[in-house]
Amino acid sequence: MQKILIILLLLLCSQAKAQPIQWKEQYPGVWKGTFGQPEKYTLLSAADSKPRAAILEQLQSTDFPFPKMEVHAELIDGKTYVRMPLTKNEQIYGLGLNFQTVHQRGKILNLHVDHYGGKDNGRTHAPVPFYVSSKGYGVLVNSAQYLTYYVGTGVRKDAKEPAEPKDRNTDKSWNSRPYSDAVEIYIPAAGVEIYVFAGINPLDAIKRYNLFCGGGTLPPRWGLGFTQRVQKLYTAEEVIHEAAQFEEHGFPLDFIGLEPGWQSRAYPCTFEWDKGRFPDPAVLIKKLATKGIRLNLWTNPYISPEAGISKAIEPYTGSHTVWNGTVPDLNHPEAKKILAKQFMDAQLNIGVSGYKMDEVDGYDYYLWPDMAKFPSGISGIQMRQTYGVLAQKLTDSLYRNQNKRTYGLVRASNAGANNLPYVIYNDYYSHQDFITALVNSGFCGVLWTPEVRGSKTGQEWLRRFQSVVFSPMAMINAWSSGTKPWSFPEVADQVKYYAQLRMELMPYLYSEFAKYHFDGTPPFRAMVLEEGFQGQAKAVADNQDLETNPYLEAVNREIKDQYMCGEYILVAPLFAGESSRKVLLPKGNWYDFYTGKYVGNGAEIVANPDMDRIPVYVKDGGIIPMMGSRLHTPLPNEKVDLTIRHYGEKEGSYQLYDDDGVSFDYEKGSYVWRRVLVKKDEKGSLSGEMSKPQPGKPNSFGRVQFEFMTK
């Protein structure tokens, strides 16, 4: 009898291992697959983001992007192994905020929240387990464990398309990495949820992913202005003086960031004002507000024994300390309640506008170890993978309760946090790699700023400043260097031009962020997501000769130093020491942003701008709404005049977004899209018009004039 029971148990176990993934369509083009016993605590449950169901339901229905039977999952020793199909000539993008690579095929990544260490090995600030295929679909593994991805590296004996063995001695085409037909994923759990997002192209799949995670964040208008983070031990008087210097020099400034010295203790933190440096912070905030400037505060979540809340929160902290400070369990309601009250009483209630959440990423040697325990029962690993998201959620909820939008900085994020108002930054400082990170951010639903800190020369300072203007947050981080926009006099005028340009572009940038929120389109994204740039796999499959078509050859390269800024603008940064660079233009006519001059169509060009410019181009028919240069963001009820630029020869259209710019009333319908049209008459002359204001809807625009850049 005992032998029979053992045989039955073995049969049941083997059946469980062979159990197929159960797929269910959630929305058009969005499928959820379940295997085994998924953990209750996941990336999506931690973020608690709600799908934008009404928008998702209206999307075009699509077929599942590959045969479901080609997805294999099995349970081995209590751990889940998943294999996804991968065809020849298919490229994979995403899998976190990578800094050096855009093409992920052929890589092995261990997705692990960490302080970036200069290697694209999966350990990064946002190791989002979502990848996008050049074939137009995306895959999310919804697990808060450390995940290992073998992206076209493992070659199985039973592969559908086995690689051909070659003799290394005589065959020059021998490769140490033979062709693999799968993405294989190791999940250290007894089950998993997998989401598949199908689209008509890769961008469409990303849009569905973003919408499923609540849509992208819509920051307040002032968040898209200019920010200066001051040195760590500044006093209130020095902050006021710095704000006055910006005004004196004519540089825009919308919010100032205070670094650790605002607190009485830091590393670990008290979350209390230092009375010597800031005797009356409420007065400081009011003085800044009269000048149109807000205040953002640096902090990390680790609690000093000197903090007033230390004893009360200690029972709700983890088993290990960070810098000898306790670690609040941000999944525990009591810990969140105590911390939230401190933030409200000491900061939000006197007008603090946002936070910089530091040190929520790594390194291993100062964060808690994987075996750490937390009162909520969440493991040390799961807490590590989601702690940055939990910190974002907590602070965002406080501002939501006040019906005020915030916009801040964070050092760690993950899947599901797409709609949280935070931009990632780090201490790594390669300008080229910063741009690659900006390119990659659009694949995984996060925002990234290539902040400016210090520079060895005026040219480097200008080049860094030029690119940060075309990013989610235009910021100088002077916590250590003390630099100002005018610190290099030889390029101060050029830096001022770009600071003013950032303000002029605000109507365009704000509308692009609105599209991120309402339809999931990343405001900054890779060239491979641009129409006219795609077709890499098709070109090869159709046997088109890359040697005789330089454009196709270039498209197959890894393009990681140029990107799209919104619907119409292409940015190709220059780096220190460069006076020219190659730029790959998508198919269609493109025009110089500054002059309107035609530059090319579907070709690789060489840009030779003057020292005071970086290459920026606009596609044919592009419409760029701009306002006049100013020092601060317009107030909620203030009207600004618009100059609407049109580029090229084609007719064009644009959706210009408007709301009050500060509250969440847009979530209740208090917003409007104003349609901008440029048409040709019978003689071929261009003229423009913008739809009229709608009664009862926001109206932030005064006089409107059109500027036709291409003569």
# chains A, B, ... in the order shown; residues from 1 in each chain; ligands from 1
$ closest_atom_pairs --of "stretch 572-672 of chain A" --to "stretch 506-515 of chain A" --cutoff "10 Å" --atoms "only C-alpha atoms" --output "tab-separated table"
residue	atom	partner	partner_atom	distance
A:Ile623	CA	A:Tyr508	CA	9.0
A:Ile624	CA	A:Tyr508	CA	6.1
A:Pro625	CA	A:Tyr508	CA	5.4
A:Met626	CA	A:Pro507	CA	5.8
A:Met627	CA	A:Pro507	CA	6.8
A:Gly628	CA	A:Met506	CA	9.7
A:Ser629	CA	A:Met506	CA	9.9
A:Thr633	CA	A:Met506	CA	8.5
A:Pro634	CA	A:Met506	CA	10.0
A:Val640	CA	A:Pro507	CA	9.7
A:Leu642	CA	A:Pro507	CA	8.5
A:Ile644	CA	A:Tyr508	CA	9.6
A:Tyr654	CA	A:Ser511	CA	9.5
A:Gln655	CA	A:Ser511	CA	7.4
A:Leu656	CA	A:Ser511	CA	5.7
A:Tyr657	CA	A:Ser511	CA	4.8
A:Asp658	CA	A:Ser511	CA	7.6
A:Asp659	CA	A:Ala514	CA	9.9
A:Gly661	CA	A:Tyr510	CA	9.0
$ residues_around --residues "A:Thr326" --least-positions-apart "5" --cutoff "6 Å" --atoms "only C-alpha atoms" --output "MDAnalysis selection string"
chainID A and resid 302:303 321
$ write_last_selection --atoms "N, CA, C and O atoms" --output "compact mmCIF listing (two decimals), in the first residue's frame"
# COMPACT_ATOMS: atom_id res chain seq x y z
N TYR A 302 16.23 55.71 6.60
CA TYR A 302 16.81 55.02 7.74
C TYR A 302 16.85 55.95 8.96
O TYR A 302 17.30 57.10 8.87
N ILE A 303 16.40 55.43 10.11
CA ILE A 303 16.02 56.29 11.23
C ILE A 303 17.09 56.33 12.30
O ILE A 303 17.50 55.30 12.87
N THR A 321 20.17 46.94 10.58
CA THR A 321 20.24 48.40 10.48
C THR A 321 20.99 48.82 9.23
O THR A 321 21.69 48.02 8.59
$ select_by_dssp --residues "stretch 408-587 of chain A" --states "strand (DSSP E or B)" --output "list in words"
Gly408, Leu409, Val410, Tyr422, Val423, Ile424, Trp448, Val452, Ala474, Met475, Ile476, Asn477, Phe524, Arg525, Ala526, Tyr563, Met564, Cys565, Ile569, Leu570, Val571, Arg581, Lys582, Val583 and Leu584 of chain A
$ write_last_selection --atoms "N, CA, C and O atoms" --output "short mmCIF file (atom, residue, chain, number, x, y, z; two decimals), in the first residue's frame"
data_model
loop_
_atom_site.label_atom_id
_atom_site.label_comp_id
_atom_site.auth_asym_id
_atom_site.auth_seq_id
_atom_site.Cartn_x
_atom_site.Cartn_y
_atom_site.Cartn_z
N GLY A 408 9.70 64.38 -7.80
CA GLY A 408 10.94 64.26 -7.07
C GLY A 408 11.91 63.27 -7.68
O GLY A 408 11.77 62.85 -8.83
N LEU A 409 12.90 62.90 -6.89
CA LEU A 409 13.98 62.02 -7.33
C LEU A 409 14.02 60.77 -6.46
O LEU A 409 13.69 60.82 -5.28
N VAL A 410 14.47 59.67 -7.05
CA VAL A 410 14.56 58.42 -6.31
C VAL A 410 15.72 57.61 -6.87
O VAL A 410 16.07 57.75 -8.04
N TYR A 422 8.31 60.22 -9.84
CA TYR A 422 9.72 60.25 -9.46
C TYR A 422 10.61 59.96 -10.65
O TYR A 422 10.28 59.16 -11.52
N VAL A 423 11.78 60.62 -10.65
CA VAL A 423 12.79 60.47 -11.69
C VAL A 423 14.02 59.82 -11.04
O VAL A 423 14.46 60.25 -9.96
N ILE A 424 14.59 58.81 -11.69
CA ILE A 424 15.75 58.11 -11.15
C ILE A 424 17.03 58.90 -11.44
O ILE A 424 17.16 59.53 -12.49
N TRP A 448 14.37 58.98 -16.15
CA TRP A 448 15.78 59.09 -15.78
C TRP A 448 16.29 60.47 -16.14
O TRP A 448 15.97 61.00 -17.19
N VAL A 452 23.44 67.20 -14.19
CA VAL A 452 24.74 67.87 -14.31
C VAL A 452 25.29 68.11 -12.90
O VAL A 452 24.58 68.64 -12.05
N ALA A 474 15.34 68.82 -15.65
CA ALA A 474 16.47 69.69 -15.97
C ALA A 474 17.11 70.13 -14.66
O ALA A 474 16.61 71.04 -13.99
N MET A 475 18.22 69.50 -14.31
CA MET A 475 18.75 69.67 -12.96
C MET A 475 20.26 69.79 -12.94
O MET A 475 20.98 69.05 -13.59
N ILE A 476 20.73 70.73 -12.11
CA ILE A 476 22.12 70.76 -11.66
C ILE A 476 22.12 70.25 -10.22
O ILE A 476 21.37 70.73 -9.37
N ASN A 477 22.98 69.27 -9.95
CA ASN A 477 23.10 68.72 -8.61
C ASN A 477 24.44 69.16 -8.04
O ASN A 477 25.47 68.53 -8.27
N PHE A 524 10.28 60.16 -23.62
CA PHE A 524 11.66 60.02 -24.13
C PHE A 524 11.85 58.55 -24.47
O PHE A 524 11.63 57.68 -23.62
N ARG A 525 12.28 58.28 -25.70
CA ARG A 525 12.30 56.88 -26.13
C ARG A 525 13.34 56.63 -27.21
O ARG A 525 13.81 57.55 -27.88
N ALA A 526 13.64 55.34 -27.37
CA ALA A 526 14.67 54.90 -28.30
C ALA A 526 14.24 55.10 -29.74
O ALA A 526 13.06 55.10 -30.07
N TYR A 563 17.93 59.97 -29.48
CA TYR A 563 16.64 59.52 -28.99
C TYR A 563 15.55 60.51 -29.40
O TYR A 563 15.83 61.64 -29.84
N MET A 564 14.30 60.07 -29.24
CA MET A 564 13.17 60.94 -29.52
C MET A 564 12.72 61.63 -28.25
O MET A 564 12.59 61.02 -27.19
N CYS A 565 12.48 62.93 -28.36
CA CYS A 565 11.92 63.74 -27.27
C CYS A 565 10.51 64.12 -27.71
O CYS A 565 10.32 65.05 -28.49
N ILE A 569 10.47 65.59 -31.95
CA ILE A 569 11.85 66.07 -31.82
C ILE A 569 12.83 64.91 -31.67
O ILE A 569 12.63 64.01 -30.86
N LEU A 570 13.92 64.96 -32.44
CA LEU A 570 15.02 64.00 -32.34
C LEU A 570 16.23 64.74 -31.76
O LEU A 570 16.62 65.78 -32.27
N VAL A 571 16.81 64.17 -30.69
CA VAL A 571 17.95 64.79 -30.01
C VAL A 571 19.18 63.89 -30.19
O VAL A 571 19.11 62.69 -29.95
N ARG A 581 29.28 64.76 -35.23
CA ARG A 581 28.88 63.39 -34.95
C ARG A 581 27.98 62.89 -36.07
O ARG A 581 27.38 63.68 -36.82
N LYS A 582 27.85 61.57 -36.16
CA LYS A 582 26.91 60.97 -37.10
C LYS A 582 25.53 60.87 -36.45
O LYS A 582 25.42 60.57 -35.26
N VAL A 583 24.51 61.11 -37.25
CA VAL A 583 23.12 61.01 -36.80
C VAL A 583 22.35 60.19 -37.81
O VAL A 583 22.44 60.44 -39.02
N LEU A 584 21.61 59.21 -37.34
CA LEU A 584 20.79 58.38 -38.22
C LEU A 584 19.36 58.90 -38.21
O LEU A 584 18.69 58.87 -37.18
#
$ select_by_dssp --residues "stretch 340-442 of chain A" --states "alpha helix (DSSP H)" --output "VMD selection string"
chain A and resid 340 to 346 380 to 401 431 to 442
$ write_last_selection --atoms "N, CA and C atoms" --output "tab-separated table (two decimals), in the first residue's frame"
chain	number	residue	atom	x	y	z
A	340	ALA	N	4.61	58.89	7.98
A	340	ALA	CA	3.77	59.86	7.27
A	340	ALA	C	3.46	61.07	8.16
A	341	LYS	N	3.18	60.82	9.42
A	341	LYS	CA	2.88	61.93	10.34
A	341	LYS	C	4.08	62.85	10.50
A	342	GLN	N	5.28	62.27	10.57
A	342	GLN	CA	6.49	63.10	10.66
A	342	GLN	C	6.65	63.96	9.42
A	343	PHE	N	6.47	63.36	8.25
A	343	PHE	CA	6.58	64.12	7.00
A	343	PHE	C	5.54	65.24	6.95
A	344	MET	N	4.33	64.93	7.35
A	344	MET	CA	3.26	65.94	7.29
A	344	MET	C	3.54	67.09	8.26
A	345	ASP	N	3.82	66.74	9.51
A	345	ASP	CA	3.96	67.78	10.55
A	345	ASP	C	5.16	68.68	10.31
A	346	ALA	N	6.29	68.08	9.92
A	346	ALA	CA	7.53	68.86	9.84
A	346	ALA	C	7.79	69.43	8.46
A	380	GLY	N	13.60	39.71	3.02
A	380	GLY	CA	14.61	40.73	2.76
A	380	GLY	C	14.82	40.97	1.28
A	381	ILE	N	14.75	39.90	0.46
A	381	ILE	CA	14.91	40.04	-0.99
A	381	ILE	C	13.75	40.82	-1.60
A	382	GLN	N	12.54	40.45	-1.25
A	382	GLN	CA	11.37	41.15	-1.79
A	382	GLN	C	11.36	42.61	-1.36
A	383	MET	N	11.79	42.87	-0.12
A	383	MET	CA	11.85	44.25	0.34
A	383	MET	C	12.90	45.03	-0.45
A	384	ARG	N	14.03	44.39	-0.74
A	384	ARG	CA	15.08	45.05	-1.51
A	384	ARG	C	14.57	45.42	-2.91
A	385	GLN	N	13.82	44.51	-3.54
A	385	GLN	CA	13.34	44.73	-4.90
A	385	GLN	C	12.25	45.80	-4.99
A	386	THR	N	11.60	46.11	-3.88
A	386	THR	CA	10.44	47.04	-3.94
A	386	THR	C	10.57	48.24	-3.02
A	387	TYR	N	11.67	48.35	-2.27
A	387	TYR	CA	11.74	49.41	-1.25
A	387	TYR	C	11.65	50.81	-1.85
A	388	GLY	N	12.31	51.01	-2.98
A	388	GLY	CA	12.22	52.32	-3.64
A	388	GLY	C	10.80	52.64	-4.08
A	389	VAL	N	10.08	51.63	-4.56
A	389	VAL	CA	8.69	51.83	-4.97
A	389	VAL	C	7.83	52.16	-3.75
A	390	LEU	N	8.04	51.47	-2.63
A	390	LEU	CA	7.26	51.73	-1.42
A	390	LEU	C	7.50	53.15	-0.90
A	391	ALA	N	8.75	53.63	-0.98
A	391	ALA	CA	9.05	55.00	-0.55
A	391	ALA	C	8.35	56.01	-1.45
A	392	GLN	N	8.34	55.74	-2.75
A	392	GLN	CA	7.62	56.62	-3.68
A	392	GLN	C	6.13	56.65	-3.37
A	393	LYS	N	5.56	55.47	-3.14
A	393	LYS	CA	4.13	55.36	-2.88
A	393	LYS	C	3.73	56.13	-1.64
A	394	LEU	N	4.51	55.99	-0.58
A	394	LEU	CA	4.18	56.64	0.68
A	394	LEU	C	4.13	58.16	0.52
A	395	THR	N	5.17	58.74	-0.06
A	395	THR	CA	5.22	60.20	-0.18
A	395	THR	C	4.20	60.72	-1.19
A	396	ASP	N	4.02	59.99	-2.29
A	396	ASP	CA	3.02	60.40	-3.28
A	396	ASP	C	1.63	60.44	-2.66
A	397	SER	N	1.31	59.48	-1.79
A	397	SER	CA	-0.02	59.44	-1.17
A	397	SER	C	-0.28	60.66	-0.30
A	398	LEU	N	0.77	61.17	0.33
A	398	LEU	CA	0.61	62.36	1.19
A	398	LEU	C	0.22	63.57	0.36
A	399	TYR	N	0.84	63.73	-0.79
A	399	TYR	CA	0.50	64.86	-1.66
A	399	TYR	C	-0.87	64.67	-2.29
A	400	ARG	N	-1.20	63.44	-2.63
A	400	ARG	CA	-2.54	63.17	-3.17
A	400	ARG	C	-3.63	63.57	-2.17
A	401	ASN	N	-3.37	63.29	-0.91
A	401	ASN	CA	-4.36	63.66	0.12
A	401	ASN	C	-4.56	65.16	0.20
A	431	HIS	N	28.72	60.68	-19.12
A	431	HIS	CA	27.73	61.39	-19.92
A	431	HIS	C	27.16	60.49	-21.01
A	432	GLN	N	28.02	59.77	-21.71
A	432	GLN	CA	27.54	58.88	-22.78
A	432	GLN	C	26.59	57.82	-22.23
A	433	ASP	N	26.94	57.23	-21.09
A	433	ASP	CA	26.09	56.19	-20.51
A	433	ASP	C	24.79	56.77	-19.96
A	434	PHE	N	24.84	58.02	-19.52
A	434	PHE	CA	23.60	58.69	-19.08
A	434	PHE	C	22.60	58.75	-20.23
A	435	ILE	N	23.10	59.03	-21.43
A	435	ILE	CA	22.19	59.11	-22.59
A	435	ILE	C	21.65	57.73	-22.93
A	436	THR	N	22.48	56.70	-22.84
A	436	THR	CA	22.00	55.33	-23.07
A	436	THR	C	20.91	54.97	-22.07
A	437	ALA	N	21.07	55.38	-20.82
A	437	ALA	CA	20.04	55.12	-19.81
A	437	ALA	C	18.74	55.85	-20.18
A	438	LEU	N	18.86	57.06	-20.69
A	438	LEU	CA	17.68	57.80	-21.11
A	438	LEU	C	16.97	57.08	-22.26
A	439	VAL	N	17.75	56.54	-23.18
A	439	VAL	CA	17.19	55.74	-24.27
A	439	VAL	C	16.45	54.53	-23.72
A	440	ASN	N	17.06	53.83	-22.76
A	440	ASN	CA	16.48	52.60	-22.22
A	440	ASN	C	15.28	52.85	-21.31
A	441	SER	N	15.20	54.03	-20.72
A	441	SER	CA	14.11	54.29	-19.77
A	441	SER	C	12.75	54.12	-20.42
A	442	GLY	N	12.64	54.44	-21.71
A	442	GLY	CA	11.36	54.33	-22.40
A	442	GLY	C	10.90	52.91	-22.61
$ residues_around --residues "A:Thr124" --least-positions-apart "2" --cutoff "10 Å" --atoms "only C-alpha atoms" --output "ChimeraX atom specification"
/A:96-99,110-122,126-128,361-362,411-413,426
$ residues_around --residues "A:Trp174" --least-positions-apart "6" --cutoff "12 Å" --atoms "only C-alpha atoms" --output "NGL selection string"
:A and (163-168)
$ write_last_selection --atoms "C-alpha atoms" --output "mmCIF file, in the first residue's frame"
data_model
loop_
_atom_site.group_PDB
_atom_site.id
_atom_site.type_symbol
_atom_site.label_atom_id
_atom_site.label_comp_id
_atom_site.auth_asym_id
_atom_site.auth_seq_id
_atom_site.Cartn_x
_atom_site.Cartn_y
_atom_site.Cartn_z
ATOM 1 C CA ALA A 163 22.447 25.708 -34.129
ATOM 2 C CA GLU A 164 24.802 24.164 -36.659
ATOM 3 C CA PRO A 165 28.009 22.715 -35.146
ATOM 4 C CA LYS A 166 31.137 24.267 -36.664
ATOM 5 C CA ASP A 167 34.838 23.496 -36.613
ATOM 6 C CA ARG A 168 36.736 26.319 -34.952
#
$ atom_distance --atom1 "atom CA of A:Arg674" --atom2 "atom CA of A:Lys692"
7.3 Å
$ residues_around --residues "A:Trp323" --least-positions-apart "3" --cutoff "8 Å" --atoms "only C-alpha atoms" --output "ChimeraX atom specification"
/A:267-268,302,366
$ write_last_selection --atoms "all heavy atoms" --output "mmCIF file, in the first residue's frame"
data_model
loop_
_atom_site.group_PDB
_atom_site.id
_atom_site.type_symbol
_atom_site.label_atom_id
_atom_site.label_comp_id
_atom_site.auth_asym_id
_atom_site.auth_seq_id
_atom_site.Cartn_x
_atom_site.Cartn_y
_atom_site.Cartn_z
ATOM 1 N N TYR A 267 22.188 60.076 7.662
ATOM 2 C CA TYR A 267 22.954 58.812 7.542
ATOM 3 C C TYR A 267 23.229 58.195 8.913
ATOM 4 O O TYR A 267 24.392 58.065 9.298
ATOM 5 C CB TYR A 267 24.267 59.038 6.801
ATOM 6 C CG TYR A 267 24.130 59.374 5.348
ATOM 7 C CD1 TYR A 267 24.038 60.692 4.914
ATOM 8 C CD2 TYR A 267 24.095 58.362 4.380
ATOM 9 C CE1 TYR A 267 23.917 60.998 3.570
ATOM 10 C CE2 TYR A 267 23.986 58.659 3.041
ATOM 11 C CZ TYR A 267 23.899 59.986 2.639
ATOM 12 O OH TYR A 267 23.795 60.282 1.299
ATOM 13 N N PRO A 268 22.216 57.767 9.668
ATOM 14 C CA PRO A 268 20.773 57.763 9.415
ATOM 15 C C PRO A 268 20.129 59.107 9.742
ATOM 16 O O PRO A 268 20.791 60.023 10.240
ATOM 17 C CB PRO A 268 20.273 56.662 10.337
ATOM 18 C CG PRO A 268 21.220 56.705 11.498
ATOM 19 C CD PRO A 268 22.560 57.052 10.919
ATOM 20 N N TYR A 302 16.232 55.713 6.600
ATOM 21 C CA TYR A 302 16.812 55.023 7.742
ATOM 22 C C TYR A 302 16.847 55.946 8.957
ATOM 23 O O TYR A 302 17.299 57.097 8.872
ATOM 24 C CB TYR A 302 18.181 54.480 7.361
ATOM 25 C CG TYR A 302 18.083 53.781 6.015
ATOM 26 C CD1 TYR A 302 18.808 54.229 4.908
ATOM 27 C CD2 TYR A 302 17.174 52.739 5.829
ATOM 28 C CE1 TYR A 302 18.662 53.613 3.668
ATOM 29 C CE2 TYR A 302 17.013 52.132 4.595
ATOM 30 C CZ TYR A 302 17.755 52.572 3.514
ATOM 31 O OH TYR A 302 17.584 51.995 2.277
ATOM 32 N N TYR A 366 26.016 47.968 2.675
ATOM 33 C CA TYR A 366 25.395 48.844 3.671
ATOM 34 C C TYR A 366 23.891 48.634 3.789
ATOM 35 O O TYR A 366 23.292 49.055 4.777
ATOM 36 C CB TYR A 366 25.739 50.319 3.451
ATOM 37 C CG TYR A 366 25.189 50.991 2.201
ATOM 38 C CD1 TYR A 366 23.843 51.264 2.062
ATOM 39 C CD2 TYR A 366 26.047 51.427 1.195
ATOM 40 C CE1 TYR A 366 23.357 51.920 0.942
ATOM 41 C CE2 TYR A 366 25.566 52.078 0.072
ATOM 42 C CZ TYR A 366 24.224 52.326 -0.050
ATOM 43 O OH TYR A 366 23.753 52.985 -1.158
#
$ residues_around --residues "A:Phe212" --least-positions-apart "6" --cutoff "10 Å" --atoms "only C-alpha atoms" --output "PyMOL selection string"
chain A and resi 26-27+30+49-53+55-56+197+206+416+418+520
$ closest_residue --among "A:Ala312, A:Leu253, A:Ala244, A:Ala572" --to "A:Arg630" --atoms "only C-alpha atoms"
A:Leu253
$ residues_around --residues "A:Lys135" --least-positions-apart "3" --cutoff "7 Å" --atoms "only C-alpha atoms" --output "MDAnalysis selection string"
chainID A and resid 90 201:202
$ write_last_selection --atoms "all heavy atoms" --output "tab-separated table (two decimals), in the first residue's frame"
chain	number	residue	atom	x	y	z
A	90	GLU	N	15.36	38.38	-34.33
A	90	GLU	CA	14.51	39.08	-33.36
A	90	GLU	C	15.40	39.71	-32.30
A	90	GLU	O	16.23	39.04	-31.70
A	90	GLU	CB	13.54	38.09	-32.73
A	90	GLU	CG	12.56	38.71	-31.74
A	90	GLU	CD	11.58	37.67	-31.18
A	90	GLU	OE1	11.67	36.48	-31.58
A	90	GLU	OE2	10.74	38.03	-30.35
A	201	ASN	N	3.22	47.14	-33.14
A	201	ASN	CA	4.65	47.38	-33.22
A	201	ASN	C	5.19	47.45	-31.79
A	201	ASN	O	4.40	47.41	-30.82
A	201	ASN	CB	4.96	48.66	-34.01
A	201	ASN	CG	4.23	49.87	-33.45
A	201	ASN	OD1	4.15	50.05	-32.24
A	201	ASN	ND2	3.69	50.70	-34.32
A	202	PRO	N	6.50	47.53	-31.59
A	202	PRO	CA	7.04	47.55	-30.22
A	202	PRO	C	6.50	48.70	-29.37
A	202	PRO	O	6.23	48.51	-28.18
A	202	PRO	CB	8.55	47.68	-30.44
A	202	PRO	CG	8.79	47.04	-31.78
A	202	PRO	CD	7.59	47.41	-32.60
$ closest_residue --among "A:Ser61, A:Tyr355, A:Ser133, A:Lys496" --to "A:Gln91" --atoms "only C-alpha atoms"
A:Ser133
$ atom_distance --atom1 "atom CA of A:Glu25" --atom2 "atom CA of A:Ala73"
18.7 Å
$ closest_residue --among "A:Glu558, A:Asp592, A:Asp370, A:Asp427" --to "A:Tyr146" --atoms "only C-alpha atoms"
A:Asp370
$ closest_residue --among "A:Ala372, A:Thr299, A:Tyr316, A:Gly577" --to "A:Lys337" --atoms "only C-alpha atoms"
A:Tyr316
$ closest_residue --among "A:Trp673, A:Phe226, A:Tyr179, A:Trp461" --to "A:Lys160" --atoms "only C-alpha atoms"
A:Tyr179
$ closest_atom_pairs --of "stretch 308-420 of chain A" --to "stretch 273-295 of chain A" --cutoff "10 Å" --atoms "only C-alpha atoms" --output "CSV"
residue,atom,partner,partner_atom,distance
A:Ala346,CA,A:Trp273,CA,7.8
A:Gln347,CA,A:Ala282,CA,8.7
A:Asn349,CA,A:Ala282,CA,9.0
A:Ile350,CA,A:Ala282,CA,5.3
A:Gly351,CA,A:Ile285,CA,6.5
A:Val352,CA,A:Leu295,CA,5.5
A:Ser353,CA,A:Leu295,CA,5.6
A:Gly354,CA,A:Leu295,CA,7.0
A:Tyr355,CA,A:Leu295,CA,8.8
$ write_last_selection --atoms "all heavy atoms" --output "tab-separated table (two decimals), in the first residue's frame"
chain	number	residue	atom	x	y	z
A	346	ALA	N	6.29	68.08	9.92
A	346	ALA	CA	7.53	68.86	9.84
A	346	ALA	C	7.79	69.43	8.46
A	346	ALA	O	8.59	70.37	8.33
A	346	ALA	CB	8.71	67.98	10.27
A	347	GLN	N	7.11	68.90	7.41
A	347	GLN	CA	7.49	69.31	6.06
A	347	GLN	C	6.31	69.71	5.17
A	347	GLN	O	6.22	70.84	4.73
A	347	GLN	CB	8.29	68.16	5.42
A	347	GLN	CG	9.63	67.93	6.11
A	347	GLN	CD	9.92	66.49	6.45
A	347	GLN	OE1	9.67	65.60	5.65
A	347	GLN	NE2	10.45	66.24	7.63
A	349	ASN	N	3.15	70.26	5.74
A	349	ASN	CA	2.23	71.28	6.26
A	349	ASN	C	2.81	72.69	6.23
A	349	ASN	O	2.08	73.67	6.39
A	349	ASN	CB	1.80	70.93	7.69
A	349	ASN	CG	0.82	69.77	7.72
A	349	ASN	OD1	0.21	69.43	6.71
A	349	ASN	ND2	0.67	69.15	8.89
A	350	ILE	N	4.13	72.82	6.04
A	350	ILE	CA	4.72	74.15	5.91
A	350	ILE	C	5.08	74.45	4.46
A	350	ILE	O	5.68	75.48	4.17
A	350	ILE	CB	5.94	74.35	6.83
A	350	ILE	CG1	7.06	73.36	6.47
A	350	ILE	CG2	5.54	74.22	8.29
A	350	ILE	CD1	8.37	73.62	7.22
A	351	GLY	N	4.72	73.53	3.53
A	351	GLY	CA	4.86	73.86	2.12
A	351	GLY	C	5.97	73.18	1.35
A	351	GLY	O	6.21	73.54	0.18
A	352	VAL	N	6.65	72.18	1.92
A	352	VAL	CA	7.65	71.44	1.16
A	352	VAL	C	6.97	70.76	-0.03
A	352	VAL	O	5.91	70.15	0.10
A	352	VAL	CB	8.36	70.39	2.05
A	352	VAL	CG1	9.18	69.42	1.21
A	352	VAL	CG2	9.24	71.10	3.07
A	353	SER	N	7.58	70.86	-1.20
A	353	SER	CA	6.91	70.43	-2.44
A	353	SER	C	7.31	69.04	-2.94
A	353	SER	O	6.70	68.53	-3.87
A	353	SER	CB	7.18	71.45	-3.56
A	353	SER	OG	6.55	72.66	-3.27
A	354	GLY	N	8.36	68.45	-2.34
A	354	GLY	CA	8.74	67.13	-2.83
A	354	GLY	C	9.99	66.61	-2.14
A	354	GLY	O	10.59	67.29	-1.29
A	355	TYR	N	10.38	65.39	-2.53
A	355	TYR	CA	11.50	64.70	-1.89
A	355	TYR	C	12.46	64.12	-2.92
A	355	TYR	O	12.09	63.82	-4.05
A	355	TYR	CB	10.99	63.56	-1.00
A	355	TYR	CG	10.25	64.03	0.22
A	355	TYR	CD1	8.86	64.14	0.21
A	355	TYR	CD2	10.93	64.38	1.38
A	355	TYR	CE1	8.17	64.58	1.33
A	355	TYR	CE2	10.26	64.83	2.50
A	355	TYR	CZ	8.87	64.92	2.47
A	355	TYR	OH	8.20	65.37	3.57
